[in-house]
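Undergrad: Could you have a look at this structure, given as structure tokens, before my questions?
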Amino acid sequence: MTQETVQEAAPPPEPGPLARLLQELLPGVGFAITVTLLDETVTIGRDDFTRVMETLKGHERLRFDYLRCLSGADYLTELETVYHFYSFEHGHKLAVKVRCPYDDPHVPTVSHLWAAANWHERETHEMYGIVFDGHPDLRPLLTEEGLGYFPLRKSHPLADIEEWQEGYLSAIDEAKRQAASAGGEAAPPMSKVEIAQAKAKLMKEARDKARAEGLSPEDEKAAVRAAIDKFQEDLESGAVGGAAAPAPMSKVELAQAKAKVITKARSEARGQGMTTEDEKAFVAEAIKKFSEEQAGGGAPAAAAPKKEMSKIELAQAKAKVITKARNEARAKGMSTEDEKKFVAEALKNFSAEQDA
Amino acid sequence: MATIDYTIPGEHDLETLDIHVNVGPQHPATHGVFRMVLTVDGEVVTDVDPIIGYMHRGNEKLPENCDFRQAIGFHDRTDYLAQFNTEHCYVQAVEKLTGITPTERSEYIRVILAELNRITSHQMFVGAFSTDVGIFGTAFMYAFRDRELIQDFFEEITGERMMYNYFRPGGVAWDVPDNFRERCRQVIGQIKKGISDLEGLIVNNEVVLARCCGLSRMSTADAINWGVSGPLLRATGLEYDLRKAEPYSIYDRFEFDIPTGKDGDIYDRVIVRIEEMKQSVRIVEQALLRMPDGPIMAEGLKRVLRAPEGEVYMRVEGPRGEYGVYLVATGADKPYRHRVRAASFCNLSALRAMSVGNYVSDVVIILGSIDIVLGEVDR
Amino acid sequence: MLGILKALKTTIQAAARKPVTVQYPTEKKELPHRSRGFPVLLWDFDKDEPFCTGCQVCARYCPVDCITVTMKDNPKKAAGKSKRKKIVDHFYLDYARCMRCDICVEVCNFDAIVMNNTWEGVELSRYDRQDLVLDKDALLKQSRTGRLKDPFREPMGVAHSGWSPKVEEDEEAEETNASEEGGEG
Amino acid sequence: MTFLLADNVWLDALLRMAIVGMLVPVGVILLTWVERKVIGRLQQRLGPMRVGPYGLLQGVADTIKLLTKEDVRPDSADRPTFELAVFVIVVPVFMAAVAVPFTSDIFVRNMALGLFYFLAVSSLGIVGFVMAGWGSDNKYALLGGVRAGAQLISYEIPLILSAVAIAMLGQSLSLYTLVELQDDTPFIAYQPLAFVIFVIAGLAELYRQPFDIPVAESEVVGGPAVEYSGIRWSMFQMGEFVSLVLISALASLIFLGGWIWPFSADNATWLQVVLMAVKTSAFILFFMWMRATVPRLRIDQLMALCWQILLPFTFLQIIINGLVLVYEWPDWTLTILSGAAAIAMGTLIYRVARRSGVLYQTSGATQRVGSVL
């Protein structure tokens, strides 16, 4: 090698006054203090998190009122969330880090303390899969319908992304096609607009029906009101909202598993001090082994979509039973109460059949 | 005489439905591929659901797989109206990490270009905003007329009109042309005239006053809580500008004022931006006087640039507010974690709080006053 | 009403000025010397072959992976007409992906690739996206027919941009290759 | 009334109608070009330049394009309403054109109640906008249609009342007579307030900036016309431009002395044509100039302006006229009183808009007041 390329690192500076102040104000909280280039940084544990954050916002000597930035980071075994704060009152700045294990990505929310955290947390949740407990509205932000995978995690492949995205889309199409052939509809959760539309349709139908029957205006109103109430009820119980969209994760999972294998093999090879050539060969070996395993050992990932399919079919069949029972009941002219009972009965029968 | 039994139905007797109006992703008011679902009660908006992400390109993930210099081009494409400001932020972050000191001349070049870029961005804002308020493209044309001048000037220096890729860790890619000073003065002279044109159209215009004054007022505390930065924050009366609060680069050497508003309403936001253009002109004039000769790239740089282990959250004052880059380095030639704190992303998150209870027409100009750039929001 | 009157005055004043727009395809503005269109390859008229040796540095440094290059032994070297041991075999550049960042020009050790500073490098529209993948001949055509006048080459050899100085590529290339693969895993 | 185009009365009427029927579309084609060119120049652009010399044939090219374009109708549109709406907009405009005397000779019909007929017929177009807004089954169109209904009906009132002030002064509803009366002094000298109100209300009737709320591009993307395409859309355009000409012509007739002032009552026909053309195009160009300069008001502000400023001041004008006519004060008192009232109105608007954030404030859902006074 002709050139040494790493620039020299400055020696780590002493912990700043802010960190000392924190230690003083929050005894019993473990702070790991580093001073990065622009901000003081403290790393805290998840258990102390809420307490620390409330102090940061509320304590008069700290008063961090401005949340500049909230970022996630993936450290393979752990996920990290970094908060950058600024205090307009005192003019000091601080970075706070908190880590959570990869398998249990939960961090308490701070969106009730800083409104700015709302979208940042939504984005971090979407990109890293970190769940911010207590967040009021943790919908996906950048992808309205959600992705089903976490693109900014290191395990998410960057190359070949088009290829497996195509696979993902075709899997969704496949699921839709199957759903269509099964006769029911596997609607995704209703959006606000759709709900409003359904409601309007329902109201119109109810009113037309009432008018056709020649009810008095009061009765008509009551009938419409009843229809709306029923719709609301159904909506809350999930009978109308539709089943969740299928999530054929198999290809993604496969890619991720593969990436893991590669990383592992490579670090192993490096650990053994192999040459580049050998390392490559070693990694190739590992991949080959992995694929063989997948092909031979009844890949668990490949089985997943099938299970999903059956679940959808079940839901569809169930919906069919409900519709049928309801129609039947209406045809017989049952009261609402009886109708509900009748439907419940039919459902029970259906589940019993399924179990058998 | 027969009496007619007639009762007027009260409001509560009628079943009413909220109307959801879907604005965007292709709508003249959304400045790009932004969508919002408005729930309206007549003309009054009762709920706003902003939907973003139509332009998400993974601009945070891509640089994690590029080396430090390759990633500059991706920063041009985040805030694509203030490319030099974004490059300035990223380049400084890398310099902080690697310990490179940029040369004096390159610092001046950077500041001049970044300030000119701030002017183009604000011109774009004034043009687009006036279209939202309803001027039939006139202010837009005047703004673009002058923006075009600056872009031509940038093209003469960097070769590109929008995606410059010109700042480098340690300096700038190549030196400016010999006639840089004269050309720059000439451009600035034109811009000053152009600003007065825009002022003539907008400032103190009765219709603009009627539309914008007192609309969507924001208190300083609210703005801080929502993470709002830049002209929106300054319009609330807080004198906070990163160029003065945490001077980076060589901004501490220049004399300029921080324009602030009083009420935090739409009109103040417009005025603050117009004033900021004048202040940028001031900075450029000072920098032109003091710009030294000398090398434009730091000595002794390595072909492969590696940063020692460490992290930095670098922030600069972009035209829309605080543009930040959070870099984590692990000793490799590429960042391990690369995060962009986009100003208009945070400002946009306050849209709902700002606009509920206003008219549909007002939501359009409230959105316009935030000055979103979708490349930055979605990244 | 004063503000509106002032605005009316502003617009009528503007109407008295000269229009700033031009009739574009018939009337074009002069492109500055440094203008960056899409990259093209240069032709070495002395040796009657391209400057490019197919060393793949540009392909490696391209942030968007739009360049594909292969190298072959130079037949003219055997004939003694050229000093280049190796010469480019295939060169594909996907203009649909290229982001005109100028990095390929800055890293090139042989001054073989430049950004097109004529209108030919700007006006590109095709009916098929596939047509935007240009091969070696198409990339060389402009330089070879003399339609590329005096491209901007300042970064080359001046160690300006931070990519240079030029060094022997082999070891460096190995090293970069390894590290890049390592990062992507 | 002096000459006939043909000896036969019926043939004469037919010819006159044919002239109107031909001139109007040609005028629209020309006016679109003029508007684009004028606004282009105000914005330091070239405007259309491609088709014909200086883009003169641009309107023809546009017309051909619009005629050959596919006629798209939304699937869920209310078909009869949707398709009828454009005719309801265009036909009244043509009907109104019938009553306007362009010179002492060139007109279709000289009606004794010409002014009344004109104002009555031209307000029918509102129905078309509401129909288009409703029939399109589009929320933007609906919002635009509702806005159009509210705005156009409201501004009819100051428009008509300011014309009524003129009718009081001339003691006639015949446009011909009203023009004849202005042989030495045009009515604008006696009625500056009515003139200002007429122009403002006329702008609103034409839904041009600052009153283009029903078709606001950045809010409701064209409003009632959003779902229309091809020839149907061009009928919207035609209605707009013909109304532009008619309102301008009416203003020059009743305020600027039409084909008479500043010359004698028996001008040659060519001079009459020139006079009318100059006066009408002055108004048209002013409307275009406004369009390129002024932003858009909000619907509640627009209503407030109409009901709380324009309407009281039109009544004031009528009262002034009544006083002067009943007590037989000299004519110059009219000028002074009306002028003073006009200045008062301007000052009021100036002060009101500058009292920032008090009158037009919309902070929160509770304080939504469109009050001006």
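Note on naming: chains are A, B, ... as they come in the structure tokens, residues start from 1 per chain, ligands start from 1 in the order shown.
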Taking the DSSP assignment computed from this structure's backbone, write out as an MDAnalysis selection string all residues of range 45-180 of chain C that belong to helix (DSSP H, G or I).

TA: chainID C and resid 57:61 75:78 103:107 119:121 129:132 136:144 169:180

Undergrad: With only C-alpha atoms as the counted atoms, please give the residues lying no more than 12 Å from Asp266 in chain D, apart from itself and same-chain residues fewer than 5 positions off, as a PyMOL selection string.

TA: chain D and resi 2+103-105+180+183+259-261+271-272

Undergrad: Save out the residues we just selected, N, CA and C atoms, as a JSON list (two decimals), in the first residue's frame.

TA:
[["chain", "number", "residue", "atom", "x", "y", "z"],
["D", 2, "THR", "N", -80.19, 54.67, -38.73],
["D", 2, "THR", "CA", -80.24, 55.46, -39.94],
["D", 2, "THR", "C", -80.23, 54.61, -41.19],
["D", 103, "THR", "N", -72.21, 51.12, -32.63],
["D", 103, "THR", "CA", -72.18, 52.51, -33.07],
["D", 103, "THR", "C", -73.64, 52.92, -33.26],
["D", 104, "SER", "N", -73.82, 54.10, -33.78],
["D", 104, "SER", "CA", -75.21, 54.52, -33.99],
["D", 104, "SER", "C", -75.89, 53.68, -35.07],
["D", 105, "ASP", "N", -75.09, 52.94, -35.86],
["D", 105, "ASP", "CA", -75.68, 52.13, -36.92],
["D", 105, "ASP", "C", -75.54, 50.64, -36.66],
["D", 180, "GLU", "N", -76.68, 59.22, -26.50],
["D", 180, "GLU", "CA", -77.00, 60.50, -27.12],
["D", 180, "GLU", "C", -76.95, 61.63, -26.12],
["D", 183, "ASP", "N", -73.48, 64.06, -25.20],
["D", 183, "ASP", "CA", -72.78, 64.68, -26.33],
["D", 183, "ASP", "C", -71.75, 65.72, -25.89],
["D", 259, "TRP", "N", -69.97, 56.37, -28.74],
["D", 259, "TRP", "CA", -69.41, 56.78, -30.03],
["D", 259, "TRP", "C", -69.47, 58.29, -30.23],
["D", 260, "ILE", "N", -69.90, 59.01, -29.22],
["D", 260, "ILE", "CA", -70.09, 60.45, -29.41],
["D", 260, "ILE", "C", -68.94, 61.25, -28.81],
["D", 261, "TRP", "N", -68.81, 61.16, -27.51],
["D", 261, "TRP", "CA", -67.84, 62.00, -26.84],
["D", 261, "TRP", "C", -66.42, 61.61, -27.28],
["D", 271, "LEU", "N", -65.45, 57.01, -37.68],
["D", 271, "LEU", "CA", -64.96, 57.63, -36.45],
["D", 271, "LEU", "C", -65.65, 57.02, -35.23],
["D", 272, "GLN", "N", -66.94, 56.72, -35.43],
["D", 272, "GLN", "CA", -67.68, 56.07, -34.34],
["D", 272, "GLN", "C", -67.05, 54.73, -33.99]]

Undergrad: Would you pick out the contacts of range 105-116 of chain C at 6 Å or less, using only C-alpha atoms, so that residues sharing its chain but fewer than 6 positions from it are not included, and give the list as a list in words?

TA: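 Once the nearby chain positions are removed, what remains is Arg36, Gly37, Phe38, Pro39, Val40, Leu41, Leu42, Phe51, Cys52 and Pro155 of chain C.
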
Undergrad: Would you put the residues from that selection into a file with N, CA and C atoms, as a CSV table (one decimal), in the first residue's frame?

TA:
chain,number,residue,atom,x,y,z
C,36,ARG,N,-21.6,21.5,-18.4
C,36,ARG,CA,-21.5,20.0,-18.2
C,36,ARG,C,-22.7,19.4,-18.8
C,37,GLY,N,-22.5,18.8,-20.0
C,37,GLY,CA,-23.6,18.0,-20.6
C,37,GLY,C,-23.3,16.6,-20.1
C,38,PHE,N,-23.6,15.6,-20.9
C,38,PHE,CA,-23.3,14.2,-20.6
C,38,PHE,C,-21.9,13.9,-21.0
C,39,PRO,N,-21.3,12.9,-20.3
C,39,PRO,CA,-19.9,12.6,-20.6
C,39,PRO,C,-19.7,12.0,-22.0
C,40,VAL,N,-18.6,12.3,-22.6
C,40,VAL,CA,-18.2,11.7,-23.9
C,40,VAL,C,-16.8,11.3,-23.8
C,41,LEU,N,-16.4,10.4,-24.7
C,41,LEU,CA,-15.0,9.9,-24.7
C,41,LEU,C,-14.2,10.8,-25.8
C,42,LEU,N,-12.9,10.9,-25.5
C,42,LEU,CA,-12.1,11.7,-26.4
C,42,LEU,C,-11.3,10.7,-27.4
C,51,PHE,N,-8.4,7.6,-26.3
C,51,PHE,CA,-7.5,7.8,-25.1
C,51,PHE,C,-7.7,6.7,-24.1
C,52,CYS,N,-9.0,6.3,-24.0
C,52,CYS,CA,-9.4,5.4,-22.9
C,52,CYS,C,-8.7,4.1,-23.0
C,155,PRO,N,-9.7,20.2,-14.2
C,155,PRO,CA,-9.4,19.3,-13.0
C,155,PRO,C,-8.3,18.3,-13.3

Undergrad: With distances taken over only C-alpha atoms, which of A:Ala331, A:Val42, A:Ala206, A:Val52 is nearest to Pro27 in chain A?

TA: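 Using only C-alpha atoms, Pro27 in chain A sits closest to A:Val52.
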
Undergrad: To one decimal place in Å, what is the distance between CA of Val146 in chain D and CA of Val130 in chain D?

TA: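 Interatomic distance, CA of Val146 in chain D to CA of Val130 in chain D: 6.4 Å.
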
Undergrad: What gap, in Å, lies between CA of Ala329 in chain B and CA of Pro308 in chain B?

TA: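 Result for CA of Ala329 in chain B versus CA of Pro308 in chain B: 6.5 Å, one decimal.
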
Undergrad: Determine, counting only C-alpha atoms, which protein, DNA and RNA residues have an atom within 10 Å of an atom of Lys86 in chain C; residues of the same chain fewer than 3 positions away are not included. Present the result as a compact mmCIF listing (two decimals) with all heavy atoms, in the first residue's frame.

TA:
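Okay, this is what ended up in part-v4.txt:
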# COMPACT_ATOMS: atom_id res chain seq x y z
N CYS C 52 -8.97 6.30 -24.01
CA CYS C 52 -9.39 5.42 -22.91
C CYS C 52 -8.68 4.07 -23.00
O CYS C 52 -8.61 3.47 -24.06
CB CYS C 52 -10.90 5.21 -22.97
SG CYS C 52 -11.52 4.15 -21.68
N THR C 53 -8.15 3.63 -21.85
CA THR C 53 -7.49 2.33 -21.82
C THR C 53 -8.36 1.27 -21.18
O THR C 53 -7.93 0.14 -21.01
CB THR C 53 -6.19 2.41 -21.02
OG1 THR C 53 -6.52 2.87 -19.72
CG2 THR C 53 -5.22 3.36 -21.66
N GLY C 54 -9.57 1.66 -20.77
CA GLY C 54 -10.45 0.69 -20.14
C GLY C 54 -10.05 0.32 -18.75
O GLY C 54 -10.24 -0.82 -18.32
N CYS C 55 -9.46 1.26 -17.99
CA CYS C 55 -8.92 0.93 -16.67
C CYS C 55 -10.00 0.83 -15.62
O CYS C 55 -9.74 0.43 -14.49
CB CYS C 55 -7.88 1.94 -16.24
SG CYS C 55 -8.59 3.54 -15.83
N MET C 71 -11.59 -4.07 -20.87
CA MET C 71 -10.27 -3.72 -21.39
C MET C 71 -9.78 -4.85 -22.27
O MET C 71 -10.18 -6.00 -22.10
CB MET C 71 -9.36 -3.57 -20.16
CG MET C 71 -7.94 -3.19 -20.43
SD MET C 71 -7.00 -3.41 -18.91
CE MET C 71 -7.07 -1.80 -18.19
N LYS C 72 -8.92 -4.53 -23.25
CA LYS C 72 -8.30 -5.59 -24.05
C LYS C 72 -6.86 -5.18 -24.39
O LYS C 72 -6.49 -4.02 -24.19
CB LYS C 72 -9.10 -5.84 -25.33
CG LYS C 72 -9.06 -4.68 -26.30
CD LYS C 72 -9.79 -5.00 -27.58
CE LYS C 72 -9.74 -3.80 -28.51
NZ LYS C 72 -10.61 -3.85 -29.64
N ASP C 73 -6.09 -6.12 -24.87
CA ASP C 73 -4.74 -5.77 -25.31
C ASP C 73 -4.82 -4.91 -26.55
O ASP C 73 -5.66 -5.15 -27.43
CB ASP C 73 -3.95 -7.04 -25.64
CG ASP C 73 -3.62 -7.78 -24.36
OD1 ASP C 73 -3.51 -7.11 -23.31
OD2 ASP C 73 -3.50 -9.02 -24.40
N ASN C 74 -3.94 -3.92 -26.60
CA ASN C 74 -3.99 -3.02 -27.74
C ASN C 74 -3.30 -3.65 -28.94
O ASN C 74 -2.09 -3.92 -28.90
CB ASN C 74 -3.31 -1.71 -27.36
CG ASN C 74 -3.58 -0.63 -28.38
OD1 ASN C 74 -4.24 -0.87 -29.38
ND2 ASN C 74 -3.06 0.55 -28.12
N PRO C 75 -4.03 -3.90 -30.02
CA PRO C 75 -3.36 -4.50 -31.19
C PRO C 75 -2.33 -3.56 -31.80
O PRO C 75 -1.35 -4.01 -32.40
CB PRO C 75 -4.53 -4.75 -32.16
CG PRO C 75 -5.65 -3.89 -31.68
CD PRO C 75 -5.46 -3.69 -30.22
N LYS C 76 -2.52 -2.26 -31.62
CA LYS C 76 -1.57 -1.31 -32.22
C LYS C 76 -0.24 -1.30 -31.50
O LYS C 76 0.76 -0.87 -32.04
CB LYS C 76 -2.17 0.09 -32.20
CG LYS C 76 -3.25 0.24 -33.25
CD LYS C 76 -3.64 1.67 -33.42
CE LYS C 76 -4.68 1.76 -34.52
NZ LYS C 76 -5.39 3.01 -34.48
N LYS C 77 -0.26 -1.74 -30.26
CA LYS C 77 1.00 -1.83 -29.51
C LYS C 77 1.92 -2.86 -30.16
O LYS C 77 3.12 -2.63 -30.31
CB LYS C 77 0.69 -2.20 -28.06
CG LYS C 77 1.88 -2.59 -27.24
CD LYS C 77 2.59 -1.38 -26.71
CE LYS C 77 3.76 -1.82 -25.84
NZ LYS C 77 4.64 -0.71 -25.53
N SER C 82 1.50 2.40 -31.20
CA SER C 82 0.99 3.10 -30.03
C SER C 82 1.75 2.65 -28.81
O SER C 82 2.32 1.56 -28.77
CB SER C 82 -0.50 2.81 -29.87
OG SER C 82 -0.92 3.25 -28.61
N LYS C 83 1.79 3.55 -27.79
CA LYS C 83 2.47 3.17 -26.55
C LYS C 83 1.51 2.52 -25.56
O LYS C 83 1.92 2.06 -24.51
CB LYS C 83 3.09 4.42 -25.93
CG LYS C 83 4.47 4.71 -26.52
CD LYS C 83 5.24 5.64 -25.62
CE LYS C 83 5.05 7.07 -26.08
NZ LYS C 83 5.75 8.04 -25.21
N ASP C 89 -12.16 -1.98 -24.69
CA ASP C 89 -12.84 -2.93 -25.56
C ASP C 89 -14.31 -2.53 -25.72
O ASP C 89 -14.75 -2.16 -26.78
CB ASP C 89 -12.70 -4.33 -24.94
CG ASP C 89 -13.25 -5.38 -25.87
OD1 ASP C 89 -13.50 -5.04 -27.04
OD2 ASP C 89 -13.43 -6.53 -25.43

Undergrad: Excluding range 21-23 of chain C and residues on its chain fewer than 5 positions from it, collect all residues at most 9 Å away from it, counting only C-alpha atoms, and give them as a PyMOL selection string.

TA: (chain B and resi 145) or (chain C and resi 28-29) or (chain D and resi 44-46+49-50)

Undergrad: For the residues in that selection, give me C-alpha atoms as an mmCIF file, in the first residue's frame.

TA:
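What ended up in result.cif:
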data_model
loop_
_atom_site.group_PDB
_atom_site.id
_atom_site.type_symbol
_atom_site.label_atom_id
_atom_site.label_comp_id
_atom_site.auth_asym_id
_atom_site.auth_seq_id
_atom_site.Cartn_x
_atom_site.Cartn_y
_atom_site.Cartn_z
ATOM 1 C CA ARG B 145 -35.899 36.223 -14.513
ATOM 2 C CA LYS C 28 -29.884 29.410 -28.186
ATOM 3 C CA LYS C 29 -27.894 30.956 -25.454
ATOM 4 C CA GLN D 44 -41.275 40.415 -19.702
ATOM 5 C CA ARG D 45 -42.013 37.417 -21.852
ATOM 6 C CA LEU D 46 -42.535 37.225 -25.578
ATOM 7 C CA MET D 49 -44.623 33.661 -31.260
ATOM 8 C CA ARG D 50 -44.810 30.434 -33.205
#

Undergrad: Report the distance between CA of His75 in chain B and CA of Asp378 in chain B in Å, rounded to one decimal place.

TA: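 Spanning CA of His75 in chain B to CA of Asp378 in chain B is a straight-line distance of 12.7 Å.
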
Undergrad: Could you please select, counting only C-alpha atoms, the residues of chain C within 10 Å of chain D and state them as an MDAnalysis selection string?

TA: chainID C and resid 1:23

Undergrad: Could you save the residues just selected, with N, CA and C atoms, as a PDB file, in the first residue's frame?

TA:
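Writing done, so here's selection_3.pdb:
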ATOM      1  N   MET C   1     -55.653  51.636  -1.628  1.00  0.00           N
ATOM      2  CA  MET C   1     -55.453  51.311  -3.044  1.00  0.00           C
ATOM      3  C   MET C   1     -54.020  51.564  -3.491  1.00  0.00           C
ATOM      4  N   LEU C   2     -53.237  52.223  -2.607  1.00  0.00           N
ATOM      5  CA  LEU C   2     -51.901  52.638  -3.030  1.00  0.00           C
ATOM      6  C   LEU C   2     -51.030  51.457  -3.414  1.00  0.00           C
ATOM      7  N   GLY C   3     -51.136  50.368  -2.616  1.00  0.00           N
ATOM      8  CA  GLY C   3     -50.311  49.202  -2.899  1.00  0.00           C
ATOM      9  C   GLY C   3     -50.623  48.629  -4.257  1.00  0.00           C
ATOM     10  N   ILE C   4     -51.907  48.587  -4.586  1.00  0.00           N
ATOM     11  CA  ILE C   4     -52.297  48.039  -5.883  1.00  0.00           C
ATOM     12  C   ILE C   4     -51.806  48.951  -6.999  1.00  0.00           C
ATOM     13  N   LEU C   5     -51.884  50.253  -6.762  1.00  0.00           N
ATOM     14  CA  LEU C   5     -51.380  51.182  -7.781  1.00  0.00           C
ATOM     15  C   LEU C   5     -49.887  50.986  -7.998  1.00  0.00           C
ATOM     16  N   LYS C   6     -49.170  50.755  -6.881  1.00  0.00           N
ATOM     17  CA  LYS C   6     -47.728  50.536  -6.992  1.00  0.00           C
ATOM     18  C   LYS C   6     -47.453  49.266  -7.796  1.00  0.00           C
ATOM     19  N   ALA C   7     -48.248  48.247  -7.529  1.00  0.00           N
ATOM     20  CA  ALA C   7     -48.069  47.002  -8.270  1.00  0.00           C
ATOM     21  C   ALA C   7     -48.350  47.216  -9.746  1.00  0.00           C
ATOM     22  N   LEU C   8     -49.402  48.006 -10.042  1.00  0.00           N
ATOM     23  CA  LEU C   8     -49.711  48.278 -11.448  1.00  0.00           C
ATOM     24  C   LEU C   8     -48.551  49.013 -12.114  1.00  0.00           C
ATOM     25  N   LYS C   9     -47.944  49.921 -11.346  1.00  0.00           N
ATOM     26  CA  LYS C   9     -46.799  50.656 -11.881  1.00  0.00           C
ATOM     27  C   LYS C   9     -45.645  49.692 -12.176  1.00  0.00           C
ATOM     28  N   THR C  10     -45.426  48.758 -11.251  1.00  0.00           N
ATOM     29  CA  THR C  10     -44.332  47.803 -11.449  1.00  0.00           C
ATOM     30  C   THR C  10     -44.519  47.009 -12.723  1.00  0.00           C
ATOM     31  N   THR C  11     -45.723  46.514 -12.937  1.00  0.00           N
ATOM     32  CA  THR C  11     -45.914  45.667 -14.119  1.00  0.00           C
ATOM     33  C   THR C  11     -45.812  46.484 -15.401  1.00  0.00           C
ATOM     34  N   ILE C  12     -46.319  47.715 -15.386  1.00  0.00           N
ATOM     35  CA  ILE C  12     -46.258  48.493 -16.637  1.00  0.00           C
ATOM     36  C   ILE C  12     -44.818  48.877 -16.928  1.00  0.00           C
ATOM     37  N   GLN C  13     -44.028  49.073 -15.890  1.00  0.00           N
ATOM     38  CA  GLN C  13     -42.598  49.347 -16.112  1.00  0.00           C
ATOM     39  C   GLN C  13     -41.917  48.138 -16.737  1.00  0.00           C
ATOM     40  N   ALA C  14     -42.294  46.973 -16.238  1.00  0.00           N
ATOM     41  CA  ALA C  14     -41.679  45.767 -16.795  1.00  0.00           C
ATOM     42  C   ALA C  14     -42.047  45.598 -18.256  1.00  0.00           C
ATOM     43  N   ALA C  15     -43.265  45.998 -18.607  1.00  0.00           N
ATOM     44  CA  ALA C  15     -43.693  45.847 -19.999  1.00  0.00           C
ATOM     45  C   ALA C  15     -42.851  46.717 -20.916  1.00  0.00           C
ATOM     46  N   ALA C  16     -42.293  47.804 -20.370  1.00  0.00           N
ATOM     47  CA  ALA C  16     -41.478  48.684 -21.201  1.00  0.00           C
ATOM     48  C   ALA C  16     -40.095  48.110 -21.441  1.00  0.00           C
ATOM     49  N   ARG C  17     -39.696  47.139 -20.599  1.00  0.00           N
ATOM     50  CA  ARG C  17     -38.351  46.570 -20.774  1.00  0.00           C
ATOM     51  C   ARG C  17     -38.353  45.516 -21.872  1.00  0.00           C
ATOM     52  N   LYS C  18     -37.142  45.072 -22.199  1.00  0.00           N
ATOM     53  CA  LYS C  18     -37.012  44.062 -23.240  1.00  0.00           C
ATOM     54  C   LYS C  18     -37.391  42.698 -22.673  1.00  0.00           C
ATOM     55  N   PRO C  19     -38.120  41.888 -23.439  1.00  0.00           N
ATOM     56  CA  PRO C  19     -38.434  40.555 -22.919  1.00  0.00           C
ATOM     57  C   PRO C  19     -37.164  39.740 -22.682  1.00  0.00           C
ATOM     58  N   VAL C  20     -37.212  38.897 -21.672  1.00  0.00           N
ATOM     59  CA  VAL C  20     -36.014  38.135 -21.326  1.00  0.00           C
ATOM     60  C   VAL C  20     -36.019  36.751 -21.938  1.00  0.00           C
ATOM     61  N   THR C  21     -37.164  36.330 -22.462  1.00  0.00           N
ATOM     62  CA  THR C  21     -37.210  34.986 -23.035  1.00  0.00           C
ATOM     63  C   THR C  21     -36.767  35.030 -24.493  1.00  0.00           C
ATOM     64  N   VAL C  22     -36.322  33.880 -24.986  1.00  0.00           N
ATOM     65  CA  VAL C  22     -35.907  33.798 -26.384  1.00  0.00           C
ATOM     66  C   VAL C  22     -36.642  32.637 -27.044  1.00  0.00           C
ATOM     67  N   GLN C  23     -36.567  32.616 -28.378  1.00  0.00           N
ATOM     68  CA  GLN C  23     -37.216  31.543 -29.137  1.00  0.00           C
ATOM     69  C   GLN C  23     -36.293  30.345 -29.125  1.00  0.00           C
TER      70      GLN C  23
END

Undergrad: Within 10 Å of range 190-193 of chain B, counting only C-alpha atoms, which residues show up once you throw out same-chain ones fewer than 5 positions away? Write them as a count of residues only, please.

TA: 17

Undergrad: Would you list the contacts of Val93 in chain D as a PyMOL selection string, taking every protein, DNA or RNA residue within 12 Å and counting only C-alpha atoms, but skipping same-chain residues closer than 5 positions in sequence?

TA: chain D and resi 20-21+24-25+86-88+98-100+117-126+128+206+235-247

Undergrad: Just need the residues of chain B within 7 Å of chain C, counting only C-alpha atoms, so spit them out as a list in words.

TA: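 The selection requested is Asn65, Cys66, Gln70, Gly73, Glu155, Glu156, Ile157, Thr158, Gly159, Glu160, Asn165, Arg168, Val172, Ala173, Trp174, Asp197, Gly200, Leu201, Asn204, Asn205, Glu206, Met297, Leu301 and Arg303 of chain B.
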
Undergrad: Which of chain C end up as strand (DSSP E or B) when DSSP is run on this backbone - answer as a list in words?

TA: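 Matching residues, listed in order: Pro39, Val40, Leu41, Trp43, Asp44, Glu49, Pro50, Ile67, Thr68, Val69, Thr70, Met71, Lys72, Asp73, Lys86, Ile87, Val88, Asp89, His90, Phe91, Tyr92, Leu93, Asp94, Ile113, Val114, Met115, Val133 and Leu134 of chain C.
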
Undergrad: Find, counting only C-alpha atoms, the residue in D:Leu143, D:Val199, D:Val51, D:Leu256 that gets nearest to chain B.

TA: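 Under the stated criterion, the closest residue is D:Leu143.
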